[in-house]
Amino acid sequence: MRPGNVAAVRPSVVTPTQPTVEQSWDWLREVPDPEIPVISVVDLGIVRDVRWEREAAGERLVVTVTPTYSGCPATSVISSDIKTALQQRGIDALRIETRISPPWTTDWMSEAGRQRLREFGIAPPVHTAGAIFPLKQLSSSRIPIECPHCGSANTARVSEFGSTPCKAQYQCRDCLEPFDYIKCI
Amino acid sequence: MKADNPLLEYLLRLGDNCLILGHRLSEWVGHAPAIEEELAIANVALDLIGQGRLWLTLAGQVEGKGRDEDKLAYLRDAGEFRNLLLAEQPNGDFAQTMARQFYFDAWHYLLLRELTQCKDARVAEVAAKASKEVAYHLRRSSDWVMILGDGTNESHKRMQAAIDDLWTYTGEMFEMDDVDHALLSQGIAFDLARLREPWLHHVSGILTEATLELPQPGWAQRGGRRGVHSEHLGFLLAEMQFLQRAYPNATW
């Protein structure tokens, strides 16, 4: 949701009763990842917890977010997008909590999110976390990454790092299209 | 070296390695030989600066004097930095950058794996997060050493020269001093000498694949961990800290 929509949305959705935690999760499912807008921050697996906490001044909604990569510049944008989205729904008593442990893993990405990535032209992670053993024989741990455009497994890695920290660059040897792959971590 | 607060010293070492090497790598942006490599170098730099931020934030908390990660990064002079000499060495050619990265990544990965077992949960948490990222750094730098070593005559020559030139900075990575010993007894640090054998195993394995020679043991340059740096660090800081020095407390 763009900031410009705030005024239009606010009057119709503000409710006098406190939204449930489930309702808040539903709203967070509509917050897109700023770098890969086809998936939500919930699909990405970075929202770890949503809860109401009792404080002296009343109840406060606490959203726990875990960063993807240590240096990912999207992390602060994500926190502010989450804040904006919930404030637009009338939740003003709100705190975003950052948690780094356990560290984010691509295993937490939802199936629906993976499917939407594929449709968008980004190959979702194929390994499970912990599949990278850099001290072992380097090439043996590499299994083919399917091209999200034509489905061919005849693809080549161009670079281990791509346009964002979470992606690698690949190219399909059949349809020749370049594509991004979300590295498993 | 006697330190009043060994944990602070230890965290500055961890953070400064990441910050200084991350900054060095960022100097390639706009100059890399190919767009893919430019992106890759920038991504590794970003990971390292992010990790440096986590360590320095923790260092500031442990110190308890109101210095946050930005103050520690931008308002310390060269003698107060605790990074390895290896991390501050100039980029040189692409082979020099990759050799520096390869030596560092192999050590960094092993170090972080050990620190995930640290008794101080704050240290263990950052190490667990960072080690996942560093696994990719090591895979990439190991790949490049093999590609360039087992490449053309020119790339082989340059890669061997880089491996030889930077070797003298690797000894410092495995040395124990008072800071390490003080934390070792508390179950926070571990014996760095333990990393030498697995490090050497990985490094020599990759060099063999790359048709490169493992350098002979020799004189080790040391000092970075206690603030005695090469002349290169001052120039790096002059650029990295320029804004805060010229416009103190500038924010945006």
# chains A, B, ... in the order shown; residues from 1 in each chain; ligands from 1
$ select_by_dssp --residues "stretch 99-239 of chain B" --states "alpha helix (DSSP H)" --output "NGL selection string"
:B and (99-115 or 121-149 or 153-166 or 178-184 or 196-209 or 232-239)
$ write_last_selection --atoms "C-alpha atoms" --output "compact mmCIF listing (two decimals), in the first residue's frame"
# COMPACT_ATOMS: atom_id res chain seq x y z
CA ALA B 99 43.54 -13.97 -2.52
CA ARG B 100 42.90 -11.62 0.41
CA GLN B 101 39.25 -12.68 0.44
CA PHE B 102 40.10 -16.38 0.19
CA TYR B 103 42.53 -16.33 3.13
CA PHE B 104 40.10 -14.27 5.19
CA ASP B 105 36.90 -16.16 4.30
CA ALA B 106 38.37 -19.57 5.16
CA TRP B 107 39.47 -18.26 8.56
CA HIS B 108 36.31 -16.22 9.12
CA TYR B 109 34.07 -19.20 8.39
CA LEU B 110 35.94 -21.48 10.79
CA LEU B 111 36.01 -18.76 13.44
CA LEU B 112 32.28 -18.10 13.24
CA ARG B 113 31.48 -21.81 13.38
CA GLU B 114 33.41 -22.00 16.66
CA LEU B 115 31.74 -18.87 18.02
CA ALA B 121 24.49 -15.92 23.75
CA ARG B 122 24.77 -12.47 22.13
CA VAL B 123 28.05 -13.49 20.48
CA ALA B 124 26.72 -16.91 19.48
CA GLU B 125 23.64 -15.36 17.83
CA VAL B 126 25.60 -12.97 15.62
CA ALA B 127 28.05 -15.76 14.74
CA ALA B 128 25.21 -18.10 13.72
CA LYS B 129 23.71 -15.46 11.45
CA ALA B 130 27.01 -14.36 9.92
CA SER B 131 28.38 -17.87 9.32
CA LYS B 132 25.56 -18.62 6.87
CA GLU B 133 26.51 -15.62 4.78
CA VAL B 134 30.22 -16.29 5.02
CA ALA B 135 29.70 -19.84 3.70
CA TYR B 136 28.79 -18.21 0.37
CA HIS B 137 31.72 -15.81 0.54
CA LEU B 138 34.12 -18.70 0.98
CA ARG B 139 32.57 -20.70 -1.82
CA ARG B 140 32.95 -17.78 -4.18
CA SER B 141 36.52 -16.79 -3.24
CA SER B 142 37.61 -20.46 -3.40
CA ASP B 143 36.06 -20.69 -6.87
CA TRP B 144 37.94 -17.63 -8.07
CA VAL B 145 41.28 -18.88 -6.78
CA MET B 146 40.71 -22.06 -8.80
CA ILE B 147 39.46 -20.25 -11.92
CA LEU B 148 42.36 -17.79 -11.99
CA GLY B 149 45.03 -20.26 -10.81
CA ASN B 153 49.32 -18.08 -18.03
CA GLU B 154 48.69 -14.48 -17.05
CA SER B 155 45.93 -15.25 -14.53
CA HIS B 156 47.99 -18.09 -13.04
CA LYS B 157 51.01 -15.82 -12.63
CA ARG B 158 48.98 -13.07 -10.99
CA MET B 159 47.11 -15.44 -8.68
CA GLN B 160 50.35 -17.07 -7.51
CA ALA B 161 51.89 -13.63 -6.91
CA ALA B 162 48.87 -12.57 -4.85
CA ILE B 163 48.86 -15.79 -2.82
CA ASP B 164 52.58 -15.29 -2.10
CA ASP B 165 52.35 -11.56 -1.31
CA LEU B 166 49.52 -11.85 1.21
CA ASP B 178 45.98 -11.64 26.66
CA VAL B 179 42.55 -10.72 25.35
CA ASP B 180 42.01 -14.20 23.92
CA HIS B 181 43.39 -15.91 27.01
CA ALA B 182 41.22 -13.85 29.36
CA LEU B 183 38.09 -14.77 27.39
CA LEU B 184 39.18 -18.35 26.88
CA ARG B 196 45.22 -23.34 11.74
CA GLU B 197 45.03 -26.98 10.76
CA PRO B 198 41.53 -26.94 9.17
CA TRP B 199 42.33 -23.59 7.56
CA LEU B 200 45.52 -24.93 6.05
CA HIS B 201 43.70 -28.06 4.92
CA HIS B 202 41.12 -26.04 2.96
CA VAL B 203 43.62 -23.51 1.62
CA SER B 204 46.13 -26.11 0.43
CA GLY B 205 43.36 -28.24 -1.08
CA ILE B 206 42.09 -25.33 -3.16
CA LEU B 207 45.60 -24.23 -4.14
CA THR B 208 46.37 -27.74 -5.36
CA GLU B 209 43.17 -27.76 -7.45
CA HIS B 232 47.10 1.76 4.35
CA LEU B 233 44.51 1.99 7.12
CA GLY B 234 44.89 5.75 7.56
CA PHE B 235 44.06 6.38 3.90
CA LEU B 236 41.08 4.06 4.09
CA LEU B 237 39.74 5.85 7.17
CA ALA B 238 40.32 9.26 5.58
CA GLU B 239 37.82 8.29 2.92
$ interface_residues --of "chain A" --to "chain B" --cutoff "8 Å" --atoms "only C-alpha atoms" --output "ChimeraX atom specification"
/A:69-72,100-104,132-135,138,158-165,185
$ atom_distance --atom1 "atom CA of A:Glu22" --atom2 "atom CA of A:Arg51"
9.5 Å
$ residues_around --residues "stretch 154-156 of chain A" --least-positions-apart "4" --cutoff "6 Å" --atoms "only C-alpha atoms" --output "ChimeraX atom specification"
/A:170-173
$ atom_distance --atom1 "atom CA of B:Ile188" --atom2 "atom CA of B:Cys118"
5.2 Å
$ atom_distance --atom1 "atom CA of B:Gly151" --atom2 "atom CA of A:Leu176"
25.6 Å
$ residues_around --residues "stretch 43-49 of chain A" --least-positions-apart "2" --cutoff "8 Å" --atoms "only C-alpha atoms" --output "mmCIF file with N, CA and C atoms, in the first residue's frame"
data_model
loop_
_atom_site.group_PDB
_atom_site.id
_atom_site.type_symbol
_atom_site.label_atom_id
_atom_site.label_comp_id
_atom_site.auth_asym_id
_atom_site.auth_seq_id
_atom_site.Cartn_x
_atom_site.Cartn_y
_atom_site.Cartn_z
ATOM 1 N N ARG A 29 -0.041 -10.154 5.648
ATOM 2 C CA ARG A 29 0.070 -10.935 4.404
ATOM 3 C C ARG A 29 -0.110 -10.062 3.166
ATOM 4 N N ASP A 33 7.123 -7.502 0.017
ATOM 5 C CA ASP A 33 8.551 -7.307 0.211
ATOM 6 C C ASP A 33 8.978 -6.164 -0.711
ATOM 7 N N ILE A 39 5.900 -11.216 -3.479
ATOM 8 C CA ILE A 39 5.644 -11.988 -2.259
ATOM 9 C C ILE A 39 5.525 -11.045 -1.063
ATOM 10 N N SER A 40 4.801 -11.520 -0.057
ATOM 11 C CA SER A 40 4.596 -10.683 1.121
ATOM 12 C C SER A 40 5.691 -10.950 2.146
ATOM 13 N N VAL A 41 5.760 -10.058 3.117
ATOM 14 C CA VAL A 41 6.755 -10.243 4.179
ATOM 15 C C VAL A 41 6.473 -11.517 4.982
ATOM 16 N N ARG A 51 1.986 -10.422 18.584
ATOM 17 C CA ARG A 51 1.294 -10.617 19.857
ATOM 18 C C ARG A 51 0.908 -9.271 20.476
ATOM 19 N N VAL A 62 2.968 -6.153 19.296
ATOM 20 C CA VAL A 62 4.404 -6.317 19.059
ATOM 21 C C VAL A 62 4.596 -7.264 17.872
ATOM 22 N N VAL A 63 5.277 -6.793 16.844
ATOM 23 C CA VAL A 63 5.558 -7.606 15.669
ATOM 24 C C VAL A 63 7.052 -7.920 15.667
ATOM 25 N N THR A 64 7.393 -9.201 15.687
ATOM 26 C CA THR A 64 8.805 -9.597 15.683
ATOM 27 C C THR A 64 9.240 -9.907 14.260
ATOM 28 N N VAL A 65 10.289 -9.209 13.829
ATOM 29 C CA VAL A 65 10.791 -9.352 12.460
ATOM 30 C C VAL A 65 12.234 -9.827 12.529
ATOM 31 N N THR A 66 12.604 -10.739 11.627
ATOM 32 C CA THR A 66 13.985 -11.196 11.593
ATOM 33 C C THR A 66 14.584 -10.777 10.254
ATOM 34 N N PRO A 67 15.783 -10.166 10.265
ATOM 35 C CA PRO A 67 16.352 -9.723 8.989
ATOM 36 C C PRO A 67 16.789 -10.904 8.132
ATOM 37 N N THR A 68 16.742 -10.737 6.805
ATOM 38 C CA THR A 68 17.187 -11.815 5.922
ATOM 39 C C THR A 68 18.708 -11.914 5.968
ATOM 40 N N TRP A 104 17.393 -16.148 10.086
ATOM 41 C CA TRP A 104 16.437 -16.380 8.994
ATOM 42 C C TRP A 104 16.964 -17.468 8.063
ATOM 43 N N THR A 106 15.840 -19.666 4.328
ATOM 44 C CA THR A 106 14.903 -19.751 3.203
ATOM 45 C C THR A 106 13.905 -20.902 3.392
ATOM 46 N N TRP A 108 11.929 -21.036 5.652
ATOM 47 C CA TRP A 108 10.720 -20.408 6.178
ATOM 48 C C TRP A 108 9.866 -19.765 5.084
ATOM 49 N N MET A 109 10.299 -19.804 3.850
ATOM 50 C CA MET A 109 9.487 -19.222 2.774
ATOM 51 C C MET A 109 8.304 -20.141 2.492
ATOM 52 N N SER A 110 7.131 -19.543 2.331
ATOM 53 C CA SER A 110 5.919 -20.351 2.158
ATOM 54 C C SER A 110 5.865 -20.974 0.756
ATOM 55 N N ALA A 112 3.239 -21.027 -1.178
ATOM 56 C CA ALA A 112 2.551 -20.071 -2.057
ATOM 57 C C ALA A 112 3.533 -19.005 -2.536
ATOM 58 N N GLY A 113 4.399 -18.575 -1.637
ATOM 59 C CA GLY A 113 5.403 -17.564 -1.991
ATOM 60 C C GLY A 113 6.362 -18.093 -3.046
#
$ select_by_dssp --residues "chain A" --states "strand (DSSP E or B)" --output "JSON, numbers by chain"
{"A": [32, 40, 47, 48, 49, 50, 51, 52, 53, 54, 55, 58, 59, 60, 61, 62, 63, 64, 65, 94, 95, 96, 97, 98, 122, 123, 155, 156, 157, 158, 159, 167, 168, 169, 170, 171, 172, 178, 179, 180, 181, 182]}
